[in-house]
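Taking it in order: structure first as structure tokens, then the write-up.
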Amino acid sequence: MDRKARERIVYAAVWLACLAPLLWLAWRGYAGELGANPIEAVIRKLGVWGLRLLLVGLAISPAARILRQPRLIRFRRTVGLFAFSYILLHLSTYIGVDQFFDWAAIGKDILKRPYITIGMAAFLLLTPLAATSFNGAVRRLGPKRWRRLHQLIYLIVPMGVVHYYLLVKADHRPPLIYGGIVAALLGWRLWAARKSA
Ligand code: HEM
């Protein structure tokens with residue numbers, strides 16, 4: 001098999017892996033297996049997969065360096081765009097299916113519920129990153145400005161974790177575990193930057 005065909009297979013596998021949670025969720029919904037409150041279940045699953053994919057995206061650079069596989073970097077954009085798509089669906093389900101486009105109630109939620117405020121802020125910060133993830137945007141902004149803009153991800157991912165932490169009522173362990181992983185991934189970057197300075 002030539003290199004191009006191999007690359008295509010790897011890309012297809014990455015796409016499938018990113019799509020699998022959505023297909024699984026759709027299947028469970030179709031089979032009526034989403035429990036007593038399917039809307040809440042859909043919002044939660046989309047949110048948690050959005051967060052997981054953001055973490056996978058953050059893990060790609062350290063993995064590429066540690067495993068000496070620089071080619072892994074090219075999957076960062078695909079994973080990041082899937083993370084954004086899950087979060088966009090998460091937000092859209094909340095707006096359209098949970099709140100029935102009741103903009104007054106949504107506005108009140110944003111102002112009164114800190115977890116919605118921070119989730120919304122994280123989404124607004126994530127949008128320009130998704131919008132500038134294509135090659136033309138790198139050329140237009142210049143690599144320096146593009147890199148600086150995309151460093152916002154180091155703020156957005158912790159905001160996603162805080163959003164999660166604030167909304168859980170009983171067991172805070174899952175968001176704390178995600179927080180620990182984010183701290184390790186960001187800590188590694190600080191360590192690597194200091195080492196190469
Ligand atoms: C970077 C952006 C965001 C991330 C990473 C994120 C992630 C999450 C996660 C991990 C959960 C909990 C899932 C679980 O319990 O298993 C969640 C729940 C939720 N999120 Fe987000 N979210 C984001 C943005 C937003 C936005 C913009 C809104 C709406 C304005 C929103 C509304 C909600 C709601 C309503 C829940 C469910 C709360 C409940 O069931 O009590 N999120 N989100």
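Ligands are numbered from 1 in the order shown, chains are lettered A, B, ... in the order of the structure tokens, and residues start at 1 in each chain.
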Find the spatial neighbours of Val161 in chain A, counting only C-alpha atoms, within a cut-off of 7 Å - ignore same-chain residues fewer than 6 positions away - and output them as a short mmCIF file (atom, residue, chain, number, x, y, z; two decimals) with N, CA and C atoms, in the first residue's frame.
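What landed in around_37.cif:
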data_model
loop_
_atom_site.label_atom_id
_atom_site.label_comp_id
_atom_site.auth_asym_id
_atom_site.auth_seq_id
_atom_site.Cartn_x
_atom_site.Cartn_y
_atom_site.Cartn_z
N PRO A 175 -15.34 16.16 37.12
CA PRO A 175 -14.70 17.39 36.63
C PRO A 175 -13.31 17.61 37.21
N TYR A 178 -10.93 15.66 35.04
CA TYR A 178 -10.66 16.39 33.79
C TYR A 178 -9.73 17.58 34.08
N GLY A 179 -9.98 18.25 35.22
CA GLY A 179 -9.14 19.40 35.60
C GLY A 179 -7.69 18.97 35.78
#
- Message: as a VMD selection string, please: the residues near range 123-138 of chain A (cut-off 10 Å, only C-alpha atoms, same-chain neighbours under 3 positions excluded).
- Response: chain A and resid 76 to 78 80 to 85 87 to 88 91 117 to 120 141 to 147 149 to 153 155 to 157 159 to 160
Next, the residues of the selection above should be written as a short mmCIF file (atom, residue, chain, number, x, y, z; two decimals), in the first residue's frame with N, CA, C and O atoms.
data_model
loop_
_atom_site.label_atom_id
_atom_site.label_comp_id
_atom_site.auth_asym_id
_atom_site.auth_seq_id
_atom_site.Cartn_x
_atom_site.Cartn_y
_atom_site.Cartn_z
N ARG A 76 -4.62 17.66 14.64
CA ARG A 76 -5.10 18.61 15.65
C ARG A 76 -6.30 19.41 15.14
O ARG A 76 -7.27 19.62 15.87
N ARG A 77 -6.24 19.82 13.87
CA ARG A 77 -7.34 20.63 13.32
C ARG A 77 -8.63 19.81 13.26
O ARG A 77 -9.70 20.29 13.66
N THR A 78 -8.53 18.56 12.76
CA THR A 78 -9.74 17.72 12.66
C THR A 78 -10.36 17.52 14.04
O THR A 78 -11.57 17.71 14.22
N GLY A 80 -9.95 19.31 16.75
CA GLY A 80 -10.44 20.59 17.28
C GLY A 80 -11.79 20.97 16.66
O GLY A 80 -12.69 21.44 17.35
N LEU A 81 -11.90 20.74 15.35
CA LEU A 81 -13.18 21.09 14.69
C LEU A 81 -14.31 20.16 15.13
O LEU A 81 -15.45 20.59 15.26
N PHE A 82 -13.98 18.90 15.40
CA PHE A 82 -15.00 18.00 15.94
C PHE A 82 -15.41 18.45 17.34
O PHE A 82 -16.59 18.45 17.68
N ALA A 83 -14.43 18.85 18.16
CA ALA A 83 -14.74 19.34 19.51
C ALA A 83 -15.71 20.52 19.40
O ALA A 83 -16.74 20.57 20.09
N PHE A 84 -15.39 21.45 18.49
CA PHE A 84 -16.26 22.62 18.31
C PHE A 84 -17.66 22.18 17.87
O PHE A 84 -18.66 22.70 18.35
N SER A 85 -17.73 21.19 16.95
CA SER A 85 -19.04 20.75 16.45
C SER A 85 -19.88 20.14 17.57
O SER A 85 -21.09 20.40 17.66
N ILE A 87 -19.65 20.88 20.72
CA ILE A 87 -20.06 21.95 21.64
C ILE A 87 -21.15 22.80 21.00
O ILE A 87 -22.09 23.23 21.67
N LEU A 88 -21.05 23.00 19.67
CA LEU A 88 -22.11 23.74 18.96
C LEU A 88 -23.45 22.98 19.05
O LEU A 88 -24.50 23.58 19.29
N LEU A 91 -24.77 23.35 22.60
CA LEU A 91 -25.41 24.66 22.78
C LEU A 91 -26.74 24.71 22.02
O LEU A 91 -27.75 25.20 22.55
N THR A 117 -23.01 31.04 32.26
CA THR A 117 -22.21 32.22 31.90
C THR A 117 -20.83 31.80 31.38
O THR A 117 -20.40 32.21 30.30
N ILE A 118 -20.19 30.92 32.14
CA ILE A 118 -18.82 30.53 31.78
C ILE A 118 -18.81 29.62 30.55
O ILE A 118 -17.93 29.72 29.69
N GLY A 119 -19.85 28.77 30.41
CA GLY A 119 -19.95 27.91 29.22
C GLY A 119 -20.12 28.77 27.97
O GLY A 119 -19.48 28.55 26.95
N MET A 120 -20.97 29.79 28.10
CA MET A 120 -21.24 30.67 26.95
C MET A 120 -19.97 31.44 26.58
O MET A 120 -19.64 31.59 25.39
N LEU A 141 -3.91 36.00 8.60
CA LEU A 141 -3.55 36.58 9.90
C LEU A 141 -2.04 36.68 10.09
O LEU A 141 -1.57 37.49 10.88
N GLY A 142 -1.31 35.83 9.39
CA GLY A 142 0.14 35.73 9.64
C GLY A 142 0.32 34.72 10.77
O GLY A 142 -0.48 34.72 11.71
N PRO A 143 1.39 33.91 10.69
CA PRO A 143 1.55 32.82 11.65
C PRO A 143 1.63 33.29 13.11
O PRO A 143 1.11 32.63 14.00
N LYS A 144 2.23 34.48 13.33
CA LYS A 144 2.41 34.94 14.71
C LYS A 144 1.06 35.26 15.36
O LYS A 144 0.76 34.82 16.47
N ARG A 145 0.26 36.06 14.62
CA ARG A 145 -1.06 36.45 15.18
C ARG A 145 -1.97 35.24 15.29
O ARG A 145 -2.75 35.12 16.23
N TRP A 146 -1.86 34.35 14.29
CA TRP A 146 -2.70 33.14 14.30
C TRP A 146 -2.37 32.31 15.54
O TRP A 146 -3.26 31.85 16.26
N ARG A 147 -1.07 32.15 15.81
CA ARG A 147 -0.66 31.34 16.96
C ARG A 147 -1.14 31.98 18.26
O ARG A 147 -1.63 31.31 19.16
N LEU A 149 -3.73 33.97 18.66
CA LEU A 149 -5.18 33.77 18.77
C LEU A 149 -5.49 32.35 19.26
O LEU A 149 -6.30 32.15 20.16
N HIS A 150 -4.78 31.38 18.71
CA HIS A 150 -5.09 29.99 19.04
C HIS A 150 -4.58 29.58 20.43
O HIS A 150 -4.98 28.54 20.95
N GLN A 151 -3.76 30.48 21.04
CA GLN A 151 -3.37 30.21 22.42
C GLN A 151 -4.54 30.40 23.38
O GLN A 151 -4.48 29.98 24.53
N LEU A 152 -5.63 30.99 22.88
CA LEU A 152 -6.85 31.13 23.69
C LEU A 152 -7.35 29.77 24.18
O LEU A 152 -8.06 29.69 25.18
N ILE A 153 -6.96 28.71 23.48
CA ILE A 153 -7.41 27.38 23.86
C ILE A 153 -6.95 27.04 25.28
O ILE A 153 -7.62 26.30 26.00
N LEU A 155 -7.05 28.92 27.72
CA LEU A 155 -8.02 29.52 28.63
C LEU A 155 -9.37 28.80 28.49
O LEU A 155 -10.06 28.54 29.48
N ILE A 156 -9.72 28.47 27.24
CA ILE A 156 -11.04 27.91 26.95
C ILE A 156 -11.24 26.54 27.62
O ILE A 156 -12.28 26.28 28.22
N VAL A 157 -10.22 25.68 27.54
CA VAL A 157 -10.39 24.33 28.08
C VAL A 157 -10.59 24.38 29.61
O VAL A 157 -11.54 23.77 30.12
N MET A 159 -11.89 26.76 31.22
CA MET A 159 -13.24 27.31 31.42
C MET A 159 -14.29 26.20 31.25
O MET A 159 -15.29 26.15 31.98
N GLY A 160 -14.07 25.31 30.27
CA GLY A 160 -14.99 24.18 30.07
C GLY A 160 -15.04 23.30 31.31
O GLY A 160 -16.11 22.84 31.73
#
- Work out how far CA of Asn37 in chain A is from CA of Thr93 in chain A, in Å to one decimal.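 Separation of CA of Thr93 in chain A and CA of Asn37 in chain A: 13.3 Å.
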- Query: What are the DSSP helix (DSSP H, G or I) residues of range 30-99 of chain A, as number ranges by chain?
  - Reply: A: 30, 38-66, 70-98
- Task: For each of A:Leu166, A:Ile106, A:Ala59, A:Ala12, take the minimum atom-to-atom distance to Gly187 in chain A, counting only C-alpha atoms, then give the residue where this is smallest.
- Result: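 Answer, going by the shortest atom-to-atom distance: A:Ala59.
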Contact residues around Gly107 in chain A with only C-alpha atoms at 12 Å, ignoring same-chain residues under 6 positions, as a CSV table (one decimal) with C-alpha atoms, in the first residue's frame:
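Saved as around-v6.csv:
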chain,number,residue,atom,x,y,z
A,95,ILE,CA,-31.2,26.6,23.0
A,99,GLN,CA,-35.3,26.2,26.0
A,101,PHE,CA,-35.7,29.5,21.6
A,113,ARG,CA,-26.4,30.7,36.4
A,116,ILE,CA,-24.1,28.9,31.8
A,117,THR,CA,-22.2,32.2,31.9
A,120,MET,CA,-21.2,30.7,27.0
- A straight line from CA of Ala121 in chain A to CA of Ile60 in chain A spans 24.4 Å
- Query: Hey, what's within 12 Å of Leu186 in chain A if we count only C-alpha atoms and toss same-chain stuff fewer than 2 positions away? As JSON, numbers by chain, please?
  - Reply: {"A": [55, 58, 59, 61, 62, 151, 153, 154, 155, 156, 157, 158, 179, 180, 181, 182, 183, 184, 188, 189, 190, 191, 192, 193]}
Based on the selection just made, write C-alpha atoms of those residues as a PDB file, in the first residue's frame.
ATOM      1  CA  LEU A  55      -8.486  17.424  25.772  1.00  0.00           C
ATOM      2  CA  LEU A  58      -4.473  19.534  23.694  1.00  0.00           C
ATOM      3  CA  ALA A  59      -2.747  16.163  24.093  1.00  0.00           C
ATOM      4  CA  SER A  61       1.388  18.228  20.670  1.00  0.00           C
ATOM      5  CA  PRO A  62       2.857  16.586  23.808  1.00  0.00           C
ATOM      6  CA  GLN A 151      -3.367  30.206  22.425  1.00  0.00           C
ATOM      7  CA  ILE A 153      -7.407  27.377  23.862  1.00  0.00           C
ATOM      8  CA  TYR A 154      -5.302  27.364  27.064  1.00  0.00           C
ATOM      9  CA  LEU A 155      -8.018  29.522  28.632  1.00  0.00           C
ATOM     10  CA  ILE A 156     -11.042  27.912  26.951  1.00  0.00           C
ATOM     11  CA  VAL A 157     -10.391  24.329  28.078  1.00  0.00           C
ATOM     12  CA  PRO A 158     -10.037  25.236  31.797  1.00  0.00           C
ATOM     13  CA  GLY A 179      -9.142  19.396  35.602  1.00  0.00           C
ATOM     14  CA  GLY A 180      -6.130  17.283  36.621  1.00  0.00           C
ATOM     15  CA  ILE A 181      -5.589  16.154  33.013  1.00  0.00           C
ATOM     16  CA  VAL A 182      -5.812  19.771  31.758  1.00  0.00           C
ATOM     17  CA  ALA A 183      -3.346  20.896  34.465  1.00  0.00           C
ATOM     18  CA  ALA A 184      -0.918  18.144  33.407  1.00  0.00           C
ATOM     19  CA  TRP A 188       3.866  20.038  30.253  1.00  0.00           C
ATOM     20  CA  ARG A 189       3.722  22.989  27.836  1.00  0.00           C
ATOM     21  CA  LEU A 190       5.169  25.380  30.439  1.00  0.00           C
ATOM     22  CA  TRP A 191       7.920  22.878  31.215  1.00  0.00           C
ATOM     23  CA  ALA A 192       8.703  22.324  27.509  1.00  0.00           C
ATOM     24  CA  ALA A 193       8.709  26.100  26.806  1.00  0.00           C
TER      25      ALA A 193
END
